[in-house]
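Chemist: Mind having a look at this structure? Questions to follow.
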Protein chains: 2
Amino acid sequence: MCQGFKAAGICAGIKKNNIKDLGLIVSDVPASVAGVFTKNQIKAAPVLLDMERIKSGTCRAVIVNSGNANCCTGGQGMKDATRMAKAAADKLGVPEEMVLVSSTGVIGQALPVEKIESNIPQLFDALSPDGFLDFAESIMTTDKIPKKLSRTVKVAGKFFSLTGIAKGAGMIRPDMATMLSYVCTDVEADSSILKDLLADAVNLSFNRITIDGDTSTNDTVLLLANGKSGLSISNAPVKEAFKKALEEMLIELAKMVVKDGEGVTKLVELKIYGALSDNDAGKMADTVAHSNLVKTAFFGEDANWGRIIGALGRAGVSLNPDAIDISFNDVMLVKNGLWCGSEAETKATKVMKLSEFEVVIDVHLGSGAALCWTCDFSIDYVKINADYRS
Amino acid sequence: MCQGFKAAGICAGIKKNNIKDLGLIVSDVPASVAGVFTKNQIKAAPVLLDMERIKSGTCRAVIVNSGNANCCTGGQGMKDATRMAKAAADKLGVPEEMVLVSSTGVIGQALPVEKIESNIPQLFDALSPDGFLDFAESIMTTDKIPKKLSRTVKVAGKFFSLTGIAKGAGMIRPDMATMLSYVCTDVEADSSILKDLLADAVNLSFNRITIDGDTSTNDTVLLLANGKSGLSISNAPVKEAFKKALEEMLIELAKMVVKDGEGVTKLVELKIYGALSDNDAGKMADTVAHSNLVKTAFFGEDANWGRIIGALGRAGVSLNPDAIDISFNDVMLVKNGLWCGSEAETKATKVMKLSEFEVVIDVHLGSGAALCWTCDFSIDYVKINADYRS
């Protein structure tokens with residue numbers, strides 16, 4: 001268990017149907033904090049507020065609502081985000097700048113901030129070291145399952161822990177923080193070191209996933225470290241162990257986000273090798289991972305490699321059409337740009353029936369490589385997003 | 001009627017179910033020709049062949065098959081494309097370089113070129129000045145309706161004509177020729193002038209449409225001019241009238257392609273105003289037009305402007321969040337980045353129930369503008385593309 005942190009998630013009536021929509025994480029002591037925020041130029045009010053407040057490098061709590069994104073809400077939106085944080089800060093007895101805030105849900109409608117204020121007592125009553133699953137539930141939108149991971153790591157006979165929470169499940173694309181995620185740890189760390197570690201880990205995880213190629217206006221990843229374990233990151237083995245644990249946790253959370261993506265039935269790990277540079281490989285991965293034709297073929301369990309080749313060809317990078325290999329798990333379906341025949345296709349089609357599989361592409365030009373996770377594109381994705389607000 | 005051109009479309013057994021899959025256009029005399037081809041780095045064999053042959057600026061015929069793209073077929077593919085053209089050239093009694101060739105359909109399977117060769121007599125027997133509708137049918141893949149337009153223009157007491165054909169309906173995105181299209185005219189024109197006119201007209205039409213954001217490996221637009229009308233483009237009023245007629249025809253064909261796009265129920269004209277530059281406006285148009293979240297909201301007839309704002313924000317251009325206006329036809333739904341209220345939304349929702357409507361976005365930064373046509377993204381799109389090869 002992550003020492004010195006408590007969390008809660010309750011129903012405040014922001015969403016319909018009496019489901020959890022208000023969450024809180026509190027550290028017993030001031031925690032070092034680092035954040036990664038959406039690169040979308042349209043940023044929700046809570047994102048703008050957090051970006052300002054996080055400069056101090058310290059916070060005590062994070063309050064989050066689902067059901068309303070508090071985005072495109074003008075000056076009123078910023079007032080509401082500030083009020084939401086202040087309500088938690090007042091109850092906690094700390095300066096309001098020590099509380100961060102996130103919102104997720106529909107864009108462009110006024111935040112019902114009174115509902116949040118009036119539920120502050122219940123929210124604090126619910127705080128518990130075991131409250132992270134409730135918290136994870138309270139920040140869900142179209143997610144089907146709450147996403148929470150915990151891990152304890154032993155270094156030199158002592159222990160530190162991390163607890164991570166994330167929510168998806170639409171407006172997900174790489175190179176953006178892409179959703180809400182919070183990681184608490186009882187390691188002791190300076191916020192500037194946390195910032196570097198978080199940026200690196202996000203690049204290996206949340207920046208490598210895509211569901212629909214859209215980027216949210218509210219994406220936020222926060223890392224809070226309160227030092228309660230007695231282990232400090234200034235100690236090299238601790239830093240090493242923490243870095244590894246953080247990366248693994250964010251990769252795992254990122255994959256959970258994709259698997260629980262809107263309408264997703266398949267998680268596909270896409271590996272590109274042999275590009276002229278890692279940058280080229282990244283462009284190819286991005287183009288294939290976003291292709292609606294590739295993704296609908298995944299859904300149809302159709303080893304339609306022509307669509308993969310077509311996507312590679314429009315990635316805007318160097319390519320030799322006669323030197324492209326494509327495998328599904330260990331089944332090579334395309335060799336030197338040509339089909340390996342119907343036996344290989346039968347085997348590849350069998351691979352595609354799995355709920356998780358790899359697509360490995362080698363373009364034989366150099367040593368550039370990239371890895372990302374994508375998913376299929378299903379009838380349910382369209383249903384969910386055609387009906388989302390109704 | 002376009003003088004001196006004949007066309008045909010027959011069933012050669014390349015597709016299942018006894019439907020037309022082999023088409024031919026023949027000019028009675030050598031025609032000047034210009035072409036625009038896919039920018040995808042993976043180019044089908046017929047595209048590579050045409051790109052070489054079109055350098056001469058002249059051709060007599062175009063032979064086209066559907067049901068097989070003859071792409072990713074290696075050296076055999078190029079041999080088959082050449083054989084297909086030669087079969088038509090031999091029958092016509094012209095050098096094989098005078099025949100161009102296109103293929104469309106599934107990628108990566110060998111072209112059944114013998115079926116084409118053995119059907120050459122029937123194909124030529126079917127040639128007729130009225131055969132363009134049969135031709136339009138023979139090049140369809142997932143298109144539901146054949147796309148053919150004819151127009152006659154009067155200049156200085158004389159007449160010239162154009163006949164245009166196009167096929168869609170998936171792998172459609174802007175900045176690429178995006179499908180197959182053929183325009184025949186009896187104007188007399190030099191191929192170098194035709195090339196400029198075609199490039200300009202494609203930029204205003206086929207490069208402004210999107211269905212699914214994927215780019216085909218086979219995209220081709222050809223413009224053939226045989227001079228049979230006696231009107232020459234070296235005459236300024238003729239050139240002016242032809243330029244206008246060509247642009248209007250390609251825009252109309254492009255809109256037909258979108259309307260008949262896979263699973264499409266709505267054609268949306270997207271207008272961007274007030275960008276810092278036309279280039280910036282183009283990027284915004286492109287991002288909004290491709291957003292799956294925006295397109296599923298169109299399908300759901302949901303005036304979910306937050307998704308439009310979200311897409312604008314990730315277009316990678318300058319934007320002032322507090323100076324964005326969004327209208328659906330003449331209903332302003334967002335003013336200065338804020339929602340205009342439920343009455344406006346009710347009206348906007350009514351607009352969205354139309355099968356064609358405009359979305360007008362003004363970002364109030366400068367005088368840059370862009371126009372494009374997009375569509376909704378439906379359950380049927382996914383169904384069609386999950387099942388396409390089976």
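Labeling convention for the structure tokens: chains A, B, ... as they appear, residues from 1 per chain, ligands from 1 in order of appearance.
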Based on only C-alpha atoms, which of the residues in chain A come within 7 Å of chain B? I want them as a ChimeraX atom specification.

Modeler: /A:40-42,72-74,107-108,212,214-217,291-293,296-297,299-300,306,310-311,313-314,321,337-339,378-379,382-383,385-387

Chemist: Go ahead and save the residues from that selection, with N, CA and C atoms, as a CSV table (one decimal), in the first residue's frame.

Modeler:
```csv
chain,number,residue,atom,x,y,z
A,40,ASN,N,-3.4,19.9,-27.0
A,40,ASN,CA,-4.4,20.5,-27.7
A,40,ASN,C,-4.4,22.0,-27.3
A,41,GLN,N,-4.6,22.9,-28.4
A,41,GLN,CA,-4.6,24.3,-28.1
A,41,GLN,C,-5.8,24.8,-27.3
A,42,ILE,N,-6.9,24.0,-27.5
A,42,ILE,CA,-8.1,24.3,-26.7
A,42,ILE,C,-7.9,23.5,-25.4
A,72,CYS,N,-14.3,25.0,-22.8
A,72,CYS,CA,-15.1,25.9,-23.7
A,72,CYS,C,-16.2,26.6,-22.8
A,73,THR,N,-15.8,26.9,-21.6
A,73,THR,CA,-16.8,27.5,-20.7
A,73,THR,C,-16.4,28.9,-20.3
A,74,GLY,N,-15.4,29.4,-20.9
A,74,GLY,CA,-15.0,30.8,-20.8
A,74,GLY,C,-14.5,31.2,-19.4
A,107,ILE,N,-18.0,18.6,-23.4
A,107,ILE,CA,-17.4,19.9,-23.6
A,107,ILE,C,-18.5,20.9,-23.7
A,108,GLY,N,-18.3,22.1,-23.1
A,108,GLY,CA,-19.1,23.3,-23.5
A,108,GLY,C,-20.3,23.5,-22.6
A,212,ASP,N,-8.9,6.4,-31.2
A,212,ASP,CA,-9.6,7.0,-32.4
A,212,ASP,C,-8.9,8.2,-33.0
A,214,ASP,N,-8.3,11.1,-31.9
A,214,ASP,CA,-8.7,12.4,-31.5
A,214,ASP,C,-8.0,12.7,-30.1
A,215,THR,N,-7.8,13.9,-29.9
A,215,THR,CA,-7.0,14.3,-28.7
A,215,THR,C,-7.9,15.2,-27.8
A,216,SER,N,-8.0,14.8,-26.6
A,216,SER,CA,-8.9,15.5,-25.6
A,216,SER,C,-8.3,16.8,-25.3
A,217,THR,N,-9.2,17.7,-24.9
A,217,THR,CA,-8.9,19.0,-24.4
A,217,THR,C,-8.6,19.0,-22.9
A,291,SER,N,-5.2,4.1,-39.2
A,291,SER,CA,-6.0,3.8,-40.4
A,291,SER,C,-7.3,3.2,-40.1
A,292,ASN,N,-8.4,3.8,-40.5
A,292,ASN,CA,-9.7,3.3,-40.3
A,292,ASN,C,-9.9,2.0,-41.0
A,293,LEU,N,-9.2,1.9,-42.2
A,293,LEU,CA,-9.4,0.7,-43.0
A,293,LEU,C,-8.6,-0.5,-42.3
A,296,THR,N,-10.8,-1.4,-39.2
A,296,THR,CA,-12.0,-2.2,-39.4
A,296,THR,C,-11.7,-3.6,-39.9
A,297,ALA,N,-10.5,-3.8,-40.6
A,297,ALA,CA,-10.1,-5.1,-40.9
A,297,ALA,C,-9.7,-5.9,-39.7
A,299,PHE,N,-11.2,-5.6,-36.8
A,299,PHE,CA,-12.5,-5.9,-36.3
A,299,PHE,C,-13.1,-7.1,-37.0
A,300,GLY,N,-12.9,-7.1,-38.4
A,300,GLY,CA,-13.5,-8.2,-39.2
A,300,GLY,C,-12.6,-9.4,-39.2
A,306,GLY,N,-3.0,-5.6,-47.6
A,306,GLY,CA,-3.0,-4.5,-48.5
A,306,GLY,C,-3.3,-3.2,-47.9
A,310,GLY,N,-0.9,0.0,-47.8
A,310,GLY,CA,-1.4,1.3,-48.3
A,310,GLY,C,-1.2,2.4,-47.3
A,311,ALA,N,-1.3,2.0,-46.0
A,311,ALA,CA,-1.1,3.0,-44.9
A,311,ALA,C,0.4,3.3,-44.8
A,313,GLY,N,2.5,3.3,-47.2
A,313,GLY,CA,2.9,4.1,-48.3
A,313,GLY,C,2.5,5.6,-48.2
A,314,ARG,N,1.5,5.9,-47.4
A,314,ARG,CA,1.2,7.3,-47.2
A,314,ARG,C,1.7,7.9,-45.9
A,321,PRO,N,9.0,-0.6,-51.8
A,321,PRO,CA,7.8,-1.5,-51.9
A,321,PRO,C,8.2,-3.0,-52.0
A,337,GLY,N,7.4,-7.6,-49.9
A,337,GLY,CA,6.2,-6.9,-50.5
A,337,GLY,C,5.2,-7.8,-51.2
A,338,LEU,N,5.4,-9.1,-51.1
A,338,LEU,CA,4.5,-10.1,-51.8
A,338,LEU,C,3.8,-11.0,-50.8
A,339,TRP,N,2.6,-11.4,-51.2
A,339,TRP,CA,1.8,-12.3,-50.4
A,339,TRP,C,2.4,-13.6,-50.2
A,378,SER,N,-14.8,-0.8,-34.3
A,378,SER,CA,-16.0,-1.6,-34.4
A,378,SER,C,-17.3,-0.9,-34.6
A,379,ILE,N,-18.3,-1.6,-34.9
A,379,ILE,CA,-19.6,-1.1,-35.0
A,379,ILE,C,-20.0,-0.4,-33.7
A,382,VAL,N,-18.9,3.3,-33.3
A,382,VAL,CA,-19.8,4.3,-33.9
A,382,VAL,C,-21.0,4.5,-33.1
A,383,LYS,N,-21.6,3.3,-32.6
A,383,LYS,CA,-22.8,3.5,-31.8
A,383,LYS,C,-22.6,4.3,-30.6
A,385,ASN,N,-20.4,6.6,-30.1
A,385,ASN,CA,-20.1,8.0,-30.3
A,385,ASN,C,-21.2,8.8,-31.1
A,386,ALA,N,-22.0,8.0,-31.7
A,386,ALA,CA,-23.2,8.7,-32.3
A,386,ALA,C,-24.2,9.0,-31.2
A,387,ASP,N,-24.2,8.3,-30.2
A,387,ASP,CA,-25.2,8.5,-29.1
A,387,ASP,C,-24.7,9.1,-27.8
```

Chemist: Report as a list in words all protein, DNA and RNA residues lying within 8 Å of Ile361 in chain A, evaluated on only C-alpha atoms, omitting residues in the same chain fewer than 5 positions from it.

Modeler: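 My reading of the contact set: Leu270, Lys271, Ile272, Tyr273, Ile324, Asp325, Ile326 and Ser327 of chain A.
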
Chemist: Which residues are close to range 56-59 of chain A, i.e. within 10 Å by only C-alpha atoms, leaving aside same-chain residues fewer than 4 positions away? Reply as a tab-separated table (two decimals) with N, CA and C atoms, in the first residue's frame.

Modeler:
```
chain	number	residue	atom	x	y	z
A	26	VAL	N	-5.82	12.57	-1.51
A	26	VAL	CA	-5.18	13.47	-0.54
A	26	VAL	C	-3.89	12.83	-0.04
A	27	SER	N	-2.85	13.63	0.03
A	27	SER	CA	-1.62	13.17	0.67
A	27	SER	C	-1.58	13.74	2.08
A	29	VAL	N	0.84	14.61	3.78
A	29	VAL	CA	1.83	15.70	3.86
A	29	VAL	C	1.98	16.29	2.45
A	30	PRO	N	2.55	17.48	2.34
A	30	PRO	CA	2.75	18.04	1.01
A	30	PRO	C	3.57	17.08	0.14
A	31	ALA	N	3.10	16.84	-1.07
A	31	ALA	CA	3.77	15.91	-1.98
A	31	ALA	C	4.42	16.70	-3.11
A	32	SER	N	5.61	16.23	-3.53
A	32	SER	CA	6.18	16.74	-4.77
A	32	SER	C	5.27	16.31	-5.91
A	33	VAL	N	5.16	17.15	-6.92
A	33	VAL	CA	4.23	16.81	-8.00
A	33	VAL	C	4.79	17.21	-9.36
A	34	ALA	N	4.53	16.38	-10.36
A	34	ALA	CA	4.88	16.69	-11.74
A	34	ALA	C	3.67	16.37	-12.59
A	35	GLY	N	3.53	17.04	-13.73
A	35	GLY	CA	2.36	16.80	-14.59
A	35	GLY	C	2.70	16.85	-16.07
A	52	GLU	N	-0.66	26.17	-14.13
A	52	GLU	CA	-0.15	27.31	-13.35
A	52	GLU	C	0.29	26.85	-11.96
A	94	VAL	N	-5.86	23.91	3.89
A	94	VAL	CA	-4.61	24.29	3.23
A	94	VAL	C	-4.89	25.43	2.25
A	95	PRO	N	-3.85	26.16	1.81
A	95	PRO	CA	-4.07	27.20	0.79
A	95	PRO	C	-4.65	26.59	-0.47
A	96	GLU	N	-5.51	27.32	-1.15
A	96	GLU	CA	-6.20	26.72	-2.30
A	96	GLU	C	-5.25	26.34	-3.41
A	97	GLU	N	-4.06	26.99	-3.48
A	97	GLU	CA	-3.08	26.66	-4.52
A	97	GLU	C	-2.52	25.25	-4.34
A	98	MET	N	-2.74	24.64	-3.14
A	98	MET	CA	-2.20	23.30	-2.89
A	98	MET	C	-3.12	22.19	-3.42
A	99	VAL	N	-4.22	22.57	-4.03
A	99	VAL	CA	-5.15	21.56	-4.58
A	99	VAL	C	-5.19	21.68	-6.10
A	100	LEU	N	-5.00	20.55	-6.78
A	100	LEU	CA	-5.13	20.48	-8.24
A	100	LEU	C	-6.52	19.95	-8.58
A	190	ASP	N	12.33	15.05	-5.57
A	190	ASP	CA	12.24	16.45	-5.96
A	190	ASP	C	11.32	16.55	-7.19
A	191	SER	N	10.53	17.61	-7.27
A	191	SER	CA	9.57	17.69	-8.38
A	191	SER	C	10.26	17.80	-9.75
A	192	SER	N	11.47	18.37	-9.78
A	192	SER	CA	12.14	18.48	-11.09
A	192	SER	C	12.57	17.10	-11.61
A	194	LEU	N	11.04	14.28	-10.72
A	194	LEU	CA	9.76	13.63	-11.06
A	194	LEU	C	9.33	14.00	-12.46
A	195	LYS	N	9.50	15.27	-12.80
A	195	LYS	CA	9.07	15.77	-14.09
A	195	LYS	C	9.77	15.02	-15.23
A	224	LEU	N	2.43	12.18	-8.00
A	224	LEU	CA	2.59	12.76	-6.67
A	224	LEU	C	3.51	11.88	-5.83
A	225	ALA	N	4.50	12.47	-5.18
A	225	ALA	CA	5.44	11.70	-4.35
A	225	ALA	C	5.53	12.35	-2.98
A	226	ASN	N	5.17	11.58	-1.92
A	226	ASN	CA	5.13	12.21	-0.59
A	226	ASN	C	6.25	11.78	0.35
```

Chemist: List the neighbours of Pro146 in chain B out to 9 Å using only C-alpha atoms; skip same-chain residues closer than 6 positions along the sequence, and give me the result as a PyMOL selection string.

Modeler: chain B and resi 133-140+165-167

Chemist: May I have the residues within 10 Å of Ile19 in chain B as an mmCIF file with N, CA and C atoms, in the first residue's frame, using only C-alpha atoms and disregarding those fewer than 3 positions away in the same chain?

Modeler:
```cif
data_model
loop_
_atom_site.group_PDB
_atom_site.id
_atom_site.type_symbol
_atom_site.label_atom_id
_atom_site.label_comp_id
_atom_site.auth_asym_id
_atom_site.auth_seq_id
_atom_site.Cartn_x
_atom_site.Cartn_y
_atom_site.Cartn_z
ATOM 1 N N GLY B 9 -18.570 -1.092 -71.097
ATOM 2 C CA GLY B 9 -18.333 -1.750 -69.810
ATOM 3 C C GLY B 9 -19.003 -3.105 -69.856
ATOM 4 N N ILE B 10 -18.244 -4.168 -69.591
ATOM 5 C CA ILE B 10 -18.825 -5.518 -69.685
ATOM 6 C C ILE B 10 -18.408 -6.357 -68.473
ATOM 7 N N CYS B 11 -18.952 -7.546 -68.403
ATOM 8 C CA CYS B 11 -18.601 -8.493 -67.347
ATOM 9 C C CYS B 11 -17.557 -9.473 -67.882
ATOM 10 N N ALA B 12 -16.375 -9.495 -67.268
ATOM 11 C CA ALA B 12 -15.308 -10.402 -67.719
ATOM 12 C C ALA B 12 -15.018 -11.502 -66.709
ATOM 13 N N GLY B 13 -15.804 -11.540 -65.642
ATOM 14 C CA GLY B 13 -15.627 -12.613 -64.660
ATOM 15 C C GLY B 13 -14.504 -12.385 -63.661
ATOM 16 N N ILE B 14 -14.022 -11.159 -63.553
ATOM 17 C CA ILE B 14 -12.997 -10.866 -62.534
ATOM 18 C C ILE B 14 -13.657 -10.789 -61.165
ATOM 19 N N LYS B 15 -14.776 -10.097 -61.095
ATOM 20 C CA LYS B 15 -15.588 -10.077 -59.875
ATOM 21 C C LYS B 15 -16.512 -11.284 -59.883
ATOM 22 N N LYS B 16 -16.994 -11.620 -58.675
ATOM 23 C CA LYS B 16 -18.008 -12.669 -58.585
ATOM 24 C C LYS B 16 -19.354 -12.097 -59.042
ATOM 25 N N LEU B 22 -15.059 -4.752 -66.448
ATOM 26 C CA LEU B 22 -14.035 -4.403 -67.433
ATOM 27 C C LEU B 22 -14.564 -3.275 -68.316
ATOM 28 N N GLU B 137 -20.234 1.950 -64.634
ATOM 29 C CA GLU B 137 -20.625 0.785 -63.816
ATOM 30 C C GLU B 137 -19.491 -0.223 -63.685
ATOM 31 N N SER B 138 -18.742 -0.368 -64.760
ATOM 32 C CA SER B 138 -17.720 -1.425 -64.778
ATOM 33 C C SER B 138 -16.533 -1.125 -63.876
ATOM 34 N N MET B 140 -16.871 0.326 -60.808
ATOM 35 C CA MET B 140 -17.335 0.442 -59.421
ATOM 36 C C MET B 140 -16.753 -0.673 -58.541
#
```
